Amino acid sequence: MKYLSTRGNATPKTFTEILLGGLAPDGGLYLPAAYPQVGRAELDAWRQLSYADLAFAVLSKFATDIPAADLKAITDKTYTAEVYRNARPDSDPSQIAPLRTLEPGLHLLELSNGPTLAFKDMAMQLLGNLFEYALDKQHDELNILGATSGDTGSAAEYAMRGKRGIRVFMLSPHGKMSAFQSAQMYSLQDPNIFNIAVRGVFDDAQDLVKAVSNDHAFKAQYKIGTVNSINWARVSAQVVYYFKGYFAATRSNDEQVAFSVPSGNFGNICAGHIARQMGLPIGQLILATNENDVLDEFFRSGVYRPRGTAQTFHTSSPSMDISKASNFERFVFDLVGRDAGTLREFWGQVDVGGAFDIAGTPYWDALPGFGFSSGKSTHADRLATLRKTWEKYGVMVDTHTADGLKVGLERRRPGLALVCLETALPAKFESTVIEALGRPPERPLAMENIEQLPQRYQVMDADVSALKAFIAANAPV
Ligand SMILES: *Cc1c(COP(=O)(O)O)cnc(C)c1O
C-alpha cells in the first residue's frame, strides 16, 4: 500500500515512511492510493473478532510494510482491558468500545473509556506504540512539540509516557484549562513528559509551536515532530471502531446503520468516510457541529469558508471550537474524483484565507453519494440534550456527545439504527453538566482526587527563545 498526497506532487510513500511526519512536502495530506476493499466474506469473519483482532485486521490493510507478527504484537499491546478500563461504573468491562443501547435502534458507542476519558485515546495509544516501534528500528529519537487546549495534549502525553526515544513538550495556556484538565496533564511525573504552561492564551501557545517548527535548522537538529490530527496512522486507527460499532449494532451484514459524529477537525468522521469507502454498510454519516458551523455550512450550501480566530466562538463543547477543519481536505480529494489539480485550486483559496464553492458543479451532484448529512447544536441544545438523556435513559453524556445526539436524532433516516459516537465522558466537562442537571458527573475512581496530586510543570512567557532554550536543555543531541 502506497500513500499519495492530496496535492498530487509528492513521491508515493509507505505507511512507515509517513508515520512520523506531518504534511506531505507539497503541503497536502497523505491518503492510500486506493482504499482497500472489505468483501462480504471478510466482513462476516470480522464480525466475530475481539477489538484487538479487529484492529489488527483493519490495520493490516493499511500498514502493509510492517511485518504481520510485529503489527499483531502492537495491536495486542495497545487494545487491552487495562488501558481502556476507566469505564463508567456500569460499562461492560469485557469489551473495548462497548455499545450502550439507549432504546431499540439508538446507541452510544463508548469510545471514551481510555486513560484521558476522550475518544482520542483510541488512536493515540496505538500511535505511541507505533512510534516507539519505528524509532527503535531506526535507532532514532523524536521530540514531540505541541500546543493543547485540553484533550489532544493529554491523550498524547498518556500515549507517549515512558516510551523509549520519545519526549513530549506540550504547551498549554497557563490557568486557562479546567482544574481537572490541568491535573490530568500536570500530575504526570514521567521524565519524558514536559508540560509548559504559557503565560497567554491557546493561540499564543500555538504560535510558539509554529515559530519553532518554522526554524527548520532547529527542528532538524532537535528532531522535532508532532502528533496532530492529520497524522494518517491516527485516522486509520479510528476506522477500526466504525467496524466495531457496526457489528455491535446489527445482527447481519445486510443491515445498514447511521453514525452520528461530533466534529471539529473532521478527523473522526473522515475515518467513517474511509470505512464506508472500504465497503462497510454505512447508510448515513451524520456530522454534528457546535456554534462553529463551518462544516455544516459546507454540507448545506456547498461553500467551504474557514473562519479566523476572531470569528471562532468559545463554546461549552470546546474540543469542537475549530473553524478550519484540517482533515477535510482528505474528503474533498475523494469528492472531486481525486483530481489533485482541482484540489490545489480550492486550497489555493483556503490557504490565503479565502473560500471555495461547489454549488452548481458536478461535485455538488456527487455529494449525496457519500452519505453525509449535517446539523448544528448550540449551548441551549446541549443543556436540553443532557437533561433529556439523563431523564429518559438515566445516562449522563458529555457536551460534545450531546451535540452528536441532538443532530443525529434530527437527521437520521427512518429505519436506520443510529450509533452516536461518545467522544468524551461528562467528567471532563463538569461545569456544564452541573449547569444542565444540577449535579456533578461521576468520576472514575482512579481520578477521584486527581486535583490533589503533586504537579510537575514549567511556567514560561510566550517567548520563542525561552522555549528553544528549554527544549535544548532537556533534549540533548
Ligand atoms: C477532538 C474532539 C472532537 C472532534 O474530533 P475531530 O476528529 O477533530 O472531528 C470531538 N469531541 C471531543 C471530546 C474531542 O476531544
# chains A, B, ... in the order shown; residues from 1 in each chain; ligands from 1
>>> select_by_dssp(residues="stretch 160-234 of chain A", states="strand (DSSP E or B)", output="PyMOL selection string")
chain A and resi 166-173+193-199+224-225
>>> write_last_selection(atoms="N, CA and C atoms", output="PDB file, in the first residue's frame")
ATOM      1  N   ILE A 166      11.303   8.855  22.950  1.00  0.00           N
ATOM      2  CA  ILE A 166      10.307   9.914  22.716  1.00  0.00           C
ATOM      3  C   ILE A 166      10.243  10.862  23.907  1.00  0.00           C
ATOM      4  N   ARG A 167      10.278  12.147  23.629  1.00  0.00           N
ATOM      5  CA  ARG A 167       9.968  13.150  24.658  1.00  0.00           C
ATOM      6  C   ARG A 167       8.779  13.971  24.167  1.00  0.00           C
ATOM      7  N   VAL A 168       7.982  14.455  25.095  1.00  0.00           N
ATOM      8  CA  VAL A 168       6.846  15.303  24.720  1.00  0.00           C
ATOM      9  C   VAL A 168       7.003  16.660  25.386  1.00  0.00           C
ATOM     10  N   PHE A 169       6.992  17.711  24.584  1.00  0.00           N
ATOM     11  CA  PHE A 169       6.966  19.086  25.091  1.00  0.00           C
ATOM     12  C   PHE A 169       5.603  19.659  24.754  1.00  0.00           C
ATOM     13  N   MET A 170       4.741  19.761  25.753  1.00  0.00           N
ATOM     14  CA  MET A 170       3.360  20.154  25.484  1.00  0.00           C
ATOM     15  C   MET A 170       3.065  21.519  26.105  1.00  0.00           C
ATOM     16  N   LEU A 171       2.692  22.457  25.256  1.00  0.00           N
ATOM     17  CA  LEU A 171       2.386  23.813  25.707  1.00  0.00           C
ATOM     18  C   LEU A 171       0.886  23.934  25.966  1.00  0.00           C
ATOM     19  N   SER A 172       0.553  24.584  27.061  1.00  0.00           N
ATOM     20  CA  SER A 172      -0.860  24.815  27.358  1.00  0.00           C
ATOM     21  C   SER A 172      -0.988  26.228  27.923  1.00  0.00           C
ATOM     22  N   PRO A 173      -2.163  26.844  27.768  1.00  0.00           N
ATOM     23  CA  PRO A 173      -2.329  28.205  28.278  1.00  0.00           C
ATOM     24  C   PRO A 173      -2.416  28.196  29.808  1.00  0.00           C
ATOM     25  N   ILE A 193       8.068  13.513  29.865  1.00  0.00           N
ATOM     26  CA  ILE A 193       6.927  14.403  29.612  1.00  0.00           C
ATOM     27  C   ILE A 193       7.226  15.781  30.204  1.00  0.00           C
ATOM     28  N   PHE A 194       7.170  16.814  29.356  1.00  0.00           N
ATOM     29  CA  PHE A 194       7.430  18.178  29.807  1.00  0.00           C
ATOM     30  C   PHE A 194       6.201  19.039  29.549  1.00  0.00           C
ATOM     31  N   ASN A 195       5.543  19.454  30.621  1.00  0.00           N
ATOM     32  CA  ASN A 195       4.407  20.357  30.490  1.00  0.00           C
ATOM     33  C   ASN A 195       4.881  21.788  30.629  1.00  0.00           C
ATOM     34  N   ILE A 196       4.515  22.604  29.653  1.00  0.00           N
ATOM     35  CA  ILE A 196       4.924  24.009  29.673  1.00  0.00           C
ATOM     36  C   ILE A 196       3.659  24.865  29.686  1.00  0.00           C
ATOM     37  N   ALA A 197       3.465  25.588  30.793  1.00  0.00           N
ATOM     38  CA  ALA A 197       2.295  26.451  30.926  1.00  0.00           C
ATOM     39  C   ALA A 197       2.689  27.856  30.451  1.00  0.00           C
ATOM     40  N   VAL A 198       2.116  28.249  29.314  1.00  0.00           N
ATOM     41  CA  VAL A 198       2.495  29.521  28.694  1.00  0.00           C
ATOM     42  C   VAL A 198       1.629  30.653  29.252  1.00  0.00           C
ATOM     43  N   ARG A 199       2.286  31.744  29.672  1.00  0.00           N
ATOM     44  CA  ARG A 199       1.515  32.916  30.107  1.00  0.00           C
ATOM     45  C   ARG A 199       0.867  33.535  28.876  1.00  0.00           C
ATOM     46  N   ILE A 224      12.340  17.523  15.974  1.00  0.00           N
ATOM     47  CA  ILE A 224      11.014  17.936  16.434  1.00  0.00           C
ATOM     48  C   ILE A 224       9.934  17.320  15.542  1.00  0.00           C
ATOM     49  N   GLY A 225       8.932  16.745  16.154  1.00  0.00           N
ATOM     50  CA  GLY A 225       7.796  16.191  15.419  1.00  0.00           C
ATOM     51  C   GLY A 225       6.487  16.580  16.092  1.00  0.00           C
TER      52      GLY A 225
END
>>> residues_near_ligand(ligand="ligand 1", cutoff="8 Å", atoms="only C-alpha atoms and all ligand atoms", output="PyMOL selection string")
chain A and resi 118-120+151-152+229+261-270+317-320+322+325+398-401+422-425
>>> write_last_selection(atoms="C-alpha atoms", output="PDB file, in the first residue's frame")
ATOM      1  CA  ALA A 118     -11.889  11.080  25.406  1.00  0.00           C
ATOM      2  CA  PHE A 119     -12.050   9.147  22.136  1.00  0.00           C
ATOM      3  CA  LYS A 120      -8.607  10.411  21.152  1.00  0.00           C
ATOM      4  CA  ASP A 151      -7.946  16.832  25.069  1.00  0.00           C
ATOM      5  CA  THR A 152      -5.244  16.301  22.446  1.00  0.00           C
ATOM      6  CA  SER A 229      -4.900  15.191  13.833  1.00  0.00           C
ATOM      7  CA  VAL A 261     -20.164  12.188  14.863  1.00  0.00           C
ATOM      8  CA  PRO A 262     -19.384  15.351  16.875  1.00  0.00           C
ATOM      9  CA  SER A 263     -16.873  17.034  14.585  1.00  0.00           C
ATOM     10  CA  GLY A 264     -14.114  19.608  14.766  1.00  0.00           C
ATOM     11  CA  ASN A 265     -11.080  18.835  12.622  1.00  0.00           C
ATOM     12  CA  PHE A 266     -13.015  16.265  10.574  1.00  0.00           C
ATOM     13  CA  GLY A 267     -10.610  13.513  11.715  1.00  0.00           C
ATOM     14  CA  ASN A 268     -13.131  11.237  13.370  1.00  0.00           C
ATOM     15  CA  ILE A 269     -15.771  11.410  10.638  1.00  0.00           C
ATOM     16  CA  CYS A 270     -13.075  11.139   7.952  1.00  0.00           C
ATOM     17  CA  SER A 317     -18.105  21.818  23.620  1.00  0.00           C
ATOM     18  CA  PRO A 318     -14.615  23.336  23.363  1.00  0.00           C
ATOM     19  CA  SER A 319     -12.914  20.456  21.530  1.00  0.00           C
ATOM     20  CA  MET A 320     -15.052  21.342  18.516  1.00  0.00           C
ATOM     21  CA  ILE A 322     -12.429  24.754  15.238  1.00  0.00           C
ATOM     22  CA  ALA A 325     -11.002  21.504   9.632  1.00  0.00           C
ATOM     23  CA  ASP A 398     -20.714  14.969  27.834  1.00  0.00           C
ATOM     24  CA  THR A 399     -21.335  18.183  25.896  1.00  0.00           C
ATOM     25  CA  HIS A 400     -19.733  17.003  22.626  1.00  0.00           C
ATOM     26  CA  THR A 401     -21.627  13.730  22.629  1.00  0.00           C
ATOM     27  CA  GLU A 422     -19.290   9.128  22.575  1.00  0.00           C
ATOM     28  CA  THR A 423     -16.256  11.397  22.192  1.00  0.00           C
ATOM     29  CA  ALA A 424     -15.694  12.235  25.884  1.00  0.00           C
ATOM     30  CA  LEU A 425     -17.022  11.374  29.330  1.00  0.00           C
TER      31      LEU A 425
END
>>> atom_distance(atom1="atom CA of A:Gly394", atom2="atom CA of A:Ser182")
29.0 Å
>>> atom_distance(atom1="atom CA of A:Asp136", atom2="atom CA of A:Glu157")
18.9 Å
>>> select_by_dssp(residues="stretch 107-243 of chain A", states="helix (DSSP H, G or I)", output="PDB file with N, CA and C atoms, in the first residue's frame")
ATOM      1  N   LYS A 120      -9.940  10.299  21.757  1.00  0.00           N
ATOM      2  CA  LYS A 120      -8.607  10.411  21.152  1.00  0.00           C
ATOM      3  C   LYS A 120      -7.671   9.306  21.630  1.00  0.00           C
ATOM      4  N   ASP A 121      -7.943   8.744  22.812  1.00  0.00           N
ATOM      5  CA  ASP A 121      -7.127   7.623  23.302  1.00  0.00           C
ATOM      6  C   ASP A 121      -7.208   6.403  22.380  1.00  0.00           C
ATOM      7  N   MET A 122      -8.320   6.254  21.667  1.00  0.00           N
ATOM      8  CA  MET A 122      -8.481   5.060  20.820  1.00  0.00           C
ATOM      9  C   MET A 122      -7.362   4.976  19.782  1.00  0.00           C
ATOM     10  N   ALA A 123      -6.989   6.125  19.224  1.00  0.00           N
ATOM     11  CA  ALA A 123      -5.938   6.135  18.209  1.00  0.00           C
ATOM     12  C   ALA A 123      -4.577   6.493  18.801  1.00  0.00           C
ATOM     13  N   MET A 124      -4.570   7.395  19.761  1.00  0.00           N
ATOM     14  CA  MET A 124      -3.287   7.924  20.250  1.00  0.00           C
ATOM     15  C   MET A 124      -2.466   6.851  20.961  1.00  0.00           C
ATOM     16  N   GLN A 125      -3.123   5.955  21.681  1.00  0.00           N
ATOM     17  CA  GLN A 125      -2.398   4.876  22.351  1.00  0.00           C
ATOM     18  C   GLN A 125      -1.678   4.001  21.325  1.00  0.00           C
ATOM     19  N   LEU A 126      -2.336   3.764  20.206  1.00  0.00           N
ATOM     20  CA  LEU A 126      -1.696   2.977  19.145  1.00  0.00           C
ATOM     21  C   LEU A 126      -0.499   3.739  18.589  1.00  0.00           C
ATOM     22  N   LEU A 127      -0.697   5.046  18.400  1.00  0.00           N
ATOM     23  CA  LEU A 127       0.383   5.878  17.859  1.00  0.00           C
ATOM     24  C   LEU A 127       1.626   5.807  18.740  1.00  0.00           C
ATOM     25  N   GLY A 128       1.425   5.850  20.061  1.00  0.00           N
ATOM     26  CA  GLY A 128       2.557   5.751  20.985  1.00  0.00           C
ATOM     27  C   GLY A 128       3.351   4.475  20.737  1.00  0.00           C
ATOM     28  N   ASN A 129       2.647   3.365  20.586  1.00  0.00           N
ATOM     29  CA  ASN A 129       3.343   2.091  20.378  1.00  0.00           C
ATOM     30  C   ASN A 129       3.954   1.984  18.981  1.00  0.00           C
ATOM     31  N   LEU A 130       3.270   2.558  17.990  1.00  0.00           N
ATOM     32  CA  LEU A 130       3.836   2.559  16.629  1.00  0.00           C
ATOM     33  C   LEU A 130       5.090   3.428  16.562  1.00  0.00           C
ATOM     34  N   PHE A 131       5.044   4.580  17.210  1.00  0.00           N
ATOM     35  CA  PHE A 131       6.215   5.482  17.225  1.00  0.00           C
ATOM     36  C   PHE A 131       7.401   4.782  17.875  1.00  0.00           C
ATOM     37  N   GLU A 132       7.152   4.172  19.025  1.00  0.00           N
ATOM     38  CA  GLU A 132       8.238   3.517  19.753  1.00  0.00           C
ATOM     39  C   GLU A 132       8.857   2.414  18.879  1.00  0.00           C
ATOM     40  N   TYR A 133       8.003   1.655  18.222  1.00  0.00           N
ATOM     41  CA  TYR A 133       8.452   0.569  17.347  1.00  0.00           C
ATOM     42  C   TYR A 133       9.317   1.117  16.201  1.00  0.00           C
ATOM     43  N   ALA A 134       8.806   2.157  15.537  1.00  0.00           N
ATOM     44  CA  ALA A 134       9.512   2.696  14.365  1.00  0.00           C
ATOM     45  C   ALA A 134      10.838   3.340  14.778  1.00  0.00           C
ATOM     46  N   LEU A 135      10.837   4.078  15.887  1.00  0.00           N
ATOM     47  CA  LEU A 135      12.068   4.755  16.326  1.00  0.00           C
ATOM     48  C   LEU A 135      13.120   3.730  16.753  1.00  0.00           C
ATOM     49  N   ASP A 136      12.663   2.680  17.392  1.00  0.00           N
ATOM     50  CA  ASP A 136      13.544   1.592  17.796  1.00  0.00           C
ATOM     51  C   ASP A 136      14.265   0.999  16.587  1.00  0.00           C
ATOM     52  N   LYS A 137      13.495   0.750  15.535  1.00  0.00           N
ATOM     53  CA  LYS A 137      14.058   0.163  14.305  1.00  0.00           C
ATOM     54  C   LYS A 137      15.065   1.102  13.650  1.00  0.00           C
ATOM     55  N   GLN A 138      14.749   2.406  13.705  1.00  0.00           N
ATOM     56  CA  GLN A 138      15.618   3.388  13.033  1.00  0.00           C
ATOM     57  C   GLN A 138      16.726   3.878  13.958  1.00  0.00           C
ATOM     58  N   ASP A 151      -7.858  18.267  25.361  1.00  0.00           N
ATOM     59  CA  ASP A 151      -7.946  16.832  25.069  1.00  0.00           C
ATOM     60  C   ASP A 151      -6.755  16.234  24.323  1.00  0.00           C
ATOM     61  N   THR A 152      -6.297  16.908  23.270  1.00  0.00           N
ATOM     62  CA  THR A 152      -5.244  16.301  22.446  1.00  0.00           C
ATOM     63  C   THR A 152      -3.951  16.162  23.227  1.00  0.00           C
ATOM     64  N   GLY A 153      -3.595  17.200  23.968  1.00  0.00           N
ATOM     65  CA  GLY A 153      -2.342  17.175  24.716  1.00  0.00           C
ATOM     66  C   GLY A 153      -2.317  16.071  25.749  1.00  0.00           C
ATOM     67  N   SER A 154      -3.411  15.912  26.474  1.00  0.00           N
ATOM     68  CA  SER A 154      -3.395  14.874  27.499  1.00  0.00           C
ATOM     69  C   SER A 154      -3.390  13.490  26.853  1.00  0.00           C
ATOM     70  N   ALA A 155      -4.141  13.310  25.769  1.00  0.00           N
ATOM     71  CA  ALA A 155      -4.136  11.998  25.092  1.00  0.00           C
ATOM     72  C   ALA A 155      -2.725  11.675  24.593  1.00  0.00           C
ATOM     73  N   ALA A 156      -2.032  12.674  24.059  1.00  0.00           N
ATOM     74  CA  ALA A 156      -0.670  12.455  23.553  1.00  0.00           C
ATOM     75  C   ALA A 156       0.268  12.094  24.702  1.00  0.00           C
ATOM     76  N   GLU A 157       0.159  12.795  25.817  1.00  0.00           N
ATOM     77  CA  GLU A 157       1.060  12.525  26.942  1.00  0.00           C
ATOM     78  C   GLU A 157       0.841  11.129  27.524  1.00  0.00           C
ATOM     79  N   TYR A 158      -0.419  10.743  27.655  1.00  0.00           N
ATOM     80  CA  TYR A 158      -0.684   9.413  28.211  1.00  0.00           C
ATOM     81  C   TYR A 158      -0.277   8.310  27.234  1.00  0.00           C
ATOM     82  N   ALA A 159      -0.237   8.642  25.950  1.00  0.00           N
ATOM     83  CA  ALA A 159       0.185   7.642  24.960  1.00  0.00           C
ATOM     84  C   ALA A 159       1.714   7.535  24.893  1.00  0.00           C
ATOM     85  N   MET A 160       2.421   8.628  25.177  1.00  0.00           N
ATOM     86  CA  MET A 160       3.870   8.655  24.972  1.00  0.00           C
ATOM     87  C   MET A 160       4.653   8.498  26.280  1.00  0.00           C
ATOM     88  N   ALA A 179      -9.557  22.723  36.127  1.00  0.00           N
ATOM     89  CA  ALA A 179      -8.671  22.141  37.143  1.00  0.00           C
ATOM     90  C   ALA A 179      -8.442  20.668  36.846  1.00  0.00           C
ATOM     91  N   PHE A 180      -9.484  20.009  36.374  1.00  0.00           N
ATOM     92  CA  PHE A 180      -9.381  18.585  36.053  1.00  0.00           C
ATOM     93  C   PHE A 180      -8.420  18.363  34.881  1.00  0.00           C
ATOM     94  N   GLN A 181      -8.604  19.165  33.832  1.00  0.00           N
ATOM     95  CA  GLN A 181      -7.734  19.019  32.657  1.00  0.00           C
ATOM     96  C   GLN A 181      -6.268  19.289  32.995  1.00  0.00           C
ATOM     97  N   SER A 182      -6.005  20.370  33.754  1.00  0.00           N
ATOM     98  CA  SER A 182      -4.618  20.671  34.140  1.00  0.00           C
ATOM     99  C   SER A 182      -4.047  19.531  34.958  1.00  0.00           C
ATOM    100  N   ALA A 183      -4.849  19.051  35.915  1.00  0.00           N
ATOM    101  CA  ALA A 183      -4.356  17.995  36.804  1.00  0.00           C
ATOM    102  C   ALA A 183      -4.027  16.734  36.015  1.00  0.00           C
ATOM    103  N   GLN A 184      -4.861  16.427  35.041  1.00  0.00           N
ATOM    104  CA  GLN A 184      -4.616  15.238  34.220  1.00  0.00           C
ATOM    105  C   GLN A 184      -3.238  15.292  33.579  1.00  0.00           C
ATOM    106  N   MET A 185      -2.871  16.454  33.065  1.00  0.00           N
ATOM    107  CA  MET A 185      -1.580  16.571  32.389  1.00  0.00           C
ATOM    108  C   MET A 185      -0.446  16.800  33.379  1.00  0.00           C
ATOM    109  N   TYR A 186      -0.643  17.766  34.267  1.00  0.00           N
ATOM    110  CA  TYR A 186       0.477  18.225  35.102  1.00  0.00           C
ATOM    111  C   TYR A 186       0.851  17.209  36.188  1.00  0.00           C
ATOM    112  N   PHE A 202      -4.446  30.096  24.313  1.00  0.00           N
ATOM    113  CA  PHE A 202      -4.083  28.952  23.482  1.00  0.00           C
ATOM    114  C   PHE A 202      -3.363  29.384  22.204  1.00  0.00           C
ATOM    115  N   ASP A 203      -3.854  30.457  21.576  1.00  0.00           N
ATOM    116  CA  ASP A 203      -3.231  30.904  20.325  1.00  0.00           C
ATOM    117  C   ASP A 203      -1.771  31.299  20.515  1.00  0.00           C
ATOM    118  N   ASP A 204      -1.430  31.848  21.683  1.00  0.00           N
ATOM    119  CA  ASP A 204      -0.025  32.201  21.959  1.00  0.00           C
ATOM    120  C   ASP A 204       0.821  30.932  21.989  1.00  0.00           C
ATOM    121  N   ALA A 205       0.276  29.894  22.604  1.00  0.00           N
ATOM    122  CA  ALA A 205       0.994  28.618  22.675  1.00  0.00           C
ATOM    123  C   ALA A 205       1.155  28.034  21.274  1.00  0.00           C
ATOM    124  N   GLN A 206       0.075  28.099  20.509  1.00  0.00           N
ATOM    125  CA  GLN A 206       0.094  27.596  19.132  1.00  0.00           C
ATOM    126  C   GLN A 206       1.116  28.364  18.284  1.00  0.00           C
ATOM    127  N   ASP A 207       1.163  29.669  18.460  1.00  0.00           N
ATOM    128  CA  ASP A 207       2.126  30.487  17.699  1.00  0.00           C
ATOM    129  C   ASP A 207       3.564  30.109  18.027  1.00  0.00           C
ATOM    130  N   LEU A 208       3.825  29.792  19.301  1.00  0.00           N
ATOM    131  CA  LEU A 208       5.178  29.373  19.694  1.00  0.00           C
ATOM    132  C   LEU A 208       5.569  28.080  18.976  1.00  0.00           C
ATOM    133  N   VAL A 209       4.626  27.152  18.919  1.00  0.00           N
ATOM    134  CA  VAL A 209       4.900  25.879  18.238  1.00  0.00           C
ATOM    135  C   VAL A 209       5.207  26.137  16.764  1.00  0.00           C
ATOM    136  N   LYS A 210       4.404  27.007  16.149  1.00  0.00           N
ATOM    137  CA  LYS A 210       4.633  27.327  14.731  1.00  0.00           C
ATOM    138  C   LYS A 210       5.992  27.976  14.535  1.00  0.00           C
ATOM    139  N   ALA A 211       6.344  28.884  15.435  1.00  0.00           N
ATOM    140  CA  ALA A 211       7.628  29.588  15.300  1.00  0.00           C
ATOM    141  C   ALA A 211       8.786  28.597  15.379  1.00  0.00           C
ATOM    142  N   VAL A 212       8.716  27.663  16.310  1.00  0.00           N
ATOM    143  CA  VAL A 212       9.799  26.671  16.434  1.00  0.00           C
ATOM    144  C   VAL A 212       9.815  25.767  15.204  1.00  0.00           C
ATOM    145  N   SER A 213       8.625  25.364  14.735  1.00  0.00           N
ATOM    146  CA  SER A 213       8.560  24.473  13.573  1.00  0.00           C
ATOM    147  C   SER A 213       9.067  25.148  12.304  1.00  0.00           C
ATOM    148  N   ASN A 214       8.929  26.470  12.238  1.00  0.00           N
ATOM    149  CA  ASN A 214       9.404  27.187  11.050  1.00  0.00           C
ATOM    150  C   ASN A 214      10.907  27.418  11.056  1.00  0.00           C
ATOM    151  N   HIS A 216      13.716  25.667  10.530  1.00  0.00           N
ATOM    152  CA  HIS A 216      13.984  24.321  10.016  1.00  0.00           C
ATOM    153  C   HIS A 216      15.269  23.724  10.564  1.00  0.00           C
ATOM    154  N   ALA A 217      16.275  24.594  10.791  1.00  0.00           N
ATOM    155  CA  ALA A 217      17.549  24.085  11.317  1.00  0.00           C
ATOM    156  C   ALA A 217      17.349  23.545  12.737  1.00  0.00           C
ATOM    157  N   PHE A 218      16.654  24.318  13.557  1.00  0.00           N
ATOM    158  CA  PHE A 218      16.396  23.883  14.939  1.00  0.00           C
ATOM    159  C   PHE A 218      15.559  22.607  14.936  1.00  0.00           C
ATOM    160  N   LYS A 219      14.549  22.607  14.085  1.00  0.00           N
ATOM    161  CA  LYS A 219      13.630  21.469  14.003  1.00  0.00           C
ATOM    162  C   LYS A 219      14.391  20.193  13.651  1.00  0.00           C
ATOM    163  N   ALA A 220      15.308  20.304  12.706  1.00  0.00           N
ATOM    164  CA  ALA A 220      16.078  19.125  12.289  1.00  0.00           C
ATOM    165  C   ALA A 220      17.056  18.722  13.392  1.00  0.00           C
ATOM    166  N   GLN A 221      17.755  19.715  13.964  1.00  0.00           N
ATOM    167  CA  GLN A 221      18.764  19.399  14.980  1.00  0.00           C
ATOM    168  C   GLN A 221      18.144  18.698  16.186  1.00  0.00           C
ATOM    169  N   TRP A 232      -1.777  10.244   9.561  1.00  0.00           N
ATOM    170  CA  TRP A 232      -2.546   9.186   8.903  1.00  0.00           C
ATOM    171  C   TRP A 232      -2.789   7.993   9.820  1.00  0.00           C
ATOM    172  N   ALA A 233      -1.789   7.611  10.619  1.00  0.00           N
ATOM    173  CA  ALA A 233      -1.963   6.436  11.484  1.00  0.00           C
ATOM    174  C   ALA A 233      -3.121   6.665  12.457  1.00  0.00           C
ATOM    175  N   ARG A 234      -3.281   7.910  12.919  1.00  0.00           N
ATOM    176  CA  ARG A 234      -4.401   8.207  13.813  1.00  0.00           C
ATOM    177  C   ARG A 234      -5.724   7.980  13.097  1.00  0.00           C
ATOM    178  N   VAL A 235      -5.821   8.485  11.876  1.00  0.00           N
ATOM    179  CA  VAL A 235      -7.072   8.319  11.124  1.00  0.00           C
ATOM    180  C   VAL A 235      -7.350   6.833  10.905  1.00  0.00           C
ATOM    181  N   SER A 236      -6.318   6.071  10.519  1.00  0.00           N
ATOM    182  CA  SER A 236      -6.567   4.655  10.210  1.00  0.00           C
ATOM    183  C   SER A 236      -6.969   3.880  11.469  1.00  0.00           C
ATOM    184  N   ALA A 237      -6.417   4.260  12.626  1.00  0.00           N
ATOM    185  CA  ALA A 237      -6.807   3.573  13.865  1.00  0.00           C
ATOM    186  C   ALA A 237      -8.266   3.875  14.214  1.00  0.00           C
ATOM    187  N   GLN A 238      -8.755   5.032  13.781  1.00  0.00           N
ATOM    188  CA  GLN A 238     -10.150   5.384  14.068  1.00  0.00           C
ATOM    189  C   GLN A 238     -11.129   4.633  13.170  1.00  0.00           C
ATOM    190  N   VAL A 239     -10.638   4.146  12.020  1.00  0.00           N
ATOM    191  CA  VAL A 239     -11.503   3.366  11.131  1.00  0.00           C
ATOM    192  C   VAL A 239     -12.028   2.119  11.865  1.00  0.00           C
ATOM    193  N   VAL A 240     -11.181   1.575  12.746  1.00  0.00           N
ATOM    194  CA  VAL A 240     -11.486   0.302  13.412  1.00  0.00           C
ATOM    195  C   VAL A 240     -12.822   0.364  14.162  1.00  0.00           C
ATOM    196  N   TYR A 241     -13.051   1.453  14.902  1.00  0.00           N
ATOM    197  CA  TYR A 241     -14.258   1.441  15.747  1.00  0.00           C
ATOM    198  C   TYR A 241     -15.546   1.654  14.960  1.00  0.00           C
ATOM    199  N   TYR A 242     -15.462   2.108  13.720  1.00  0.00           N
ATOM    200  CA  TYR A 242     -16.675   2.122  12.902  1.00  0.00           C
ATOM    201  C   TYR A 242     -17.099   0.680  12.603  1.00  0.00           C
ATOM    202  N   PHE A 243     -16.119  -0.186  12.320  1.00  0.00           N
ATOM    203  CA  PHE A 243     -16.437  -1.598  12.114  1.00  0.00           C
ATOM    204  C   PHE A 243     -17.022  -2.186  13.398  1.00  0.00           C
TER     205      PHE A 243
END
>>> atom_distance(atom1="atom CA of A:Asp321", atom2="atom CA of A:Val433")
18.3 Å
>>> residues_around(residues="stretch 90-105 of chain A", least_positions_apart="3", cutoff="9 Å", atoms="only C-alpha atoms", output="PyMOL selection string")
chain A and resi 50-52+79-81+84-85+87+108-113+122+241+244-245+248-249+389+392-393+395+415-419
>>> closest_residue(among="A:Ile434, A:Ala472, A:Ala258, A:Leu467", to="A:Gly404", atoms="only C-alpha atoms")
A:Ala258
>>> closest_residue(among="A:Ile274, A:Leu405, A:Leu49, A:Ile282", to="A:Ala384", atoms="only C-alpha atoms")
A:Leu405
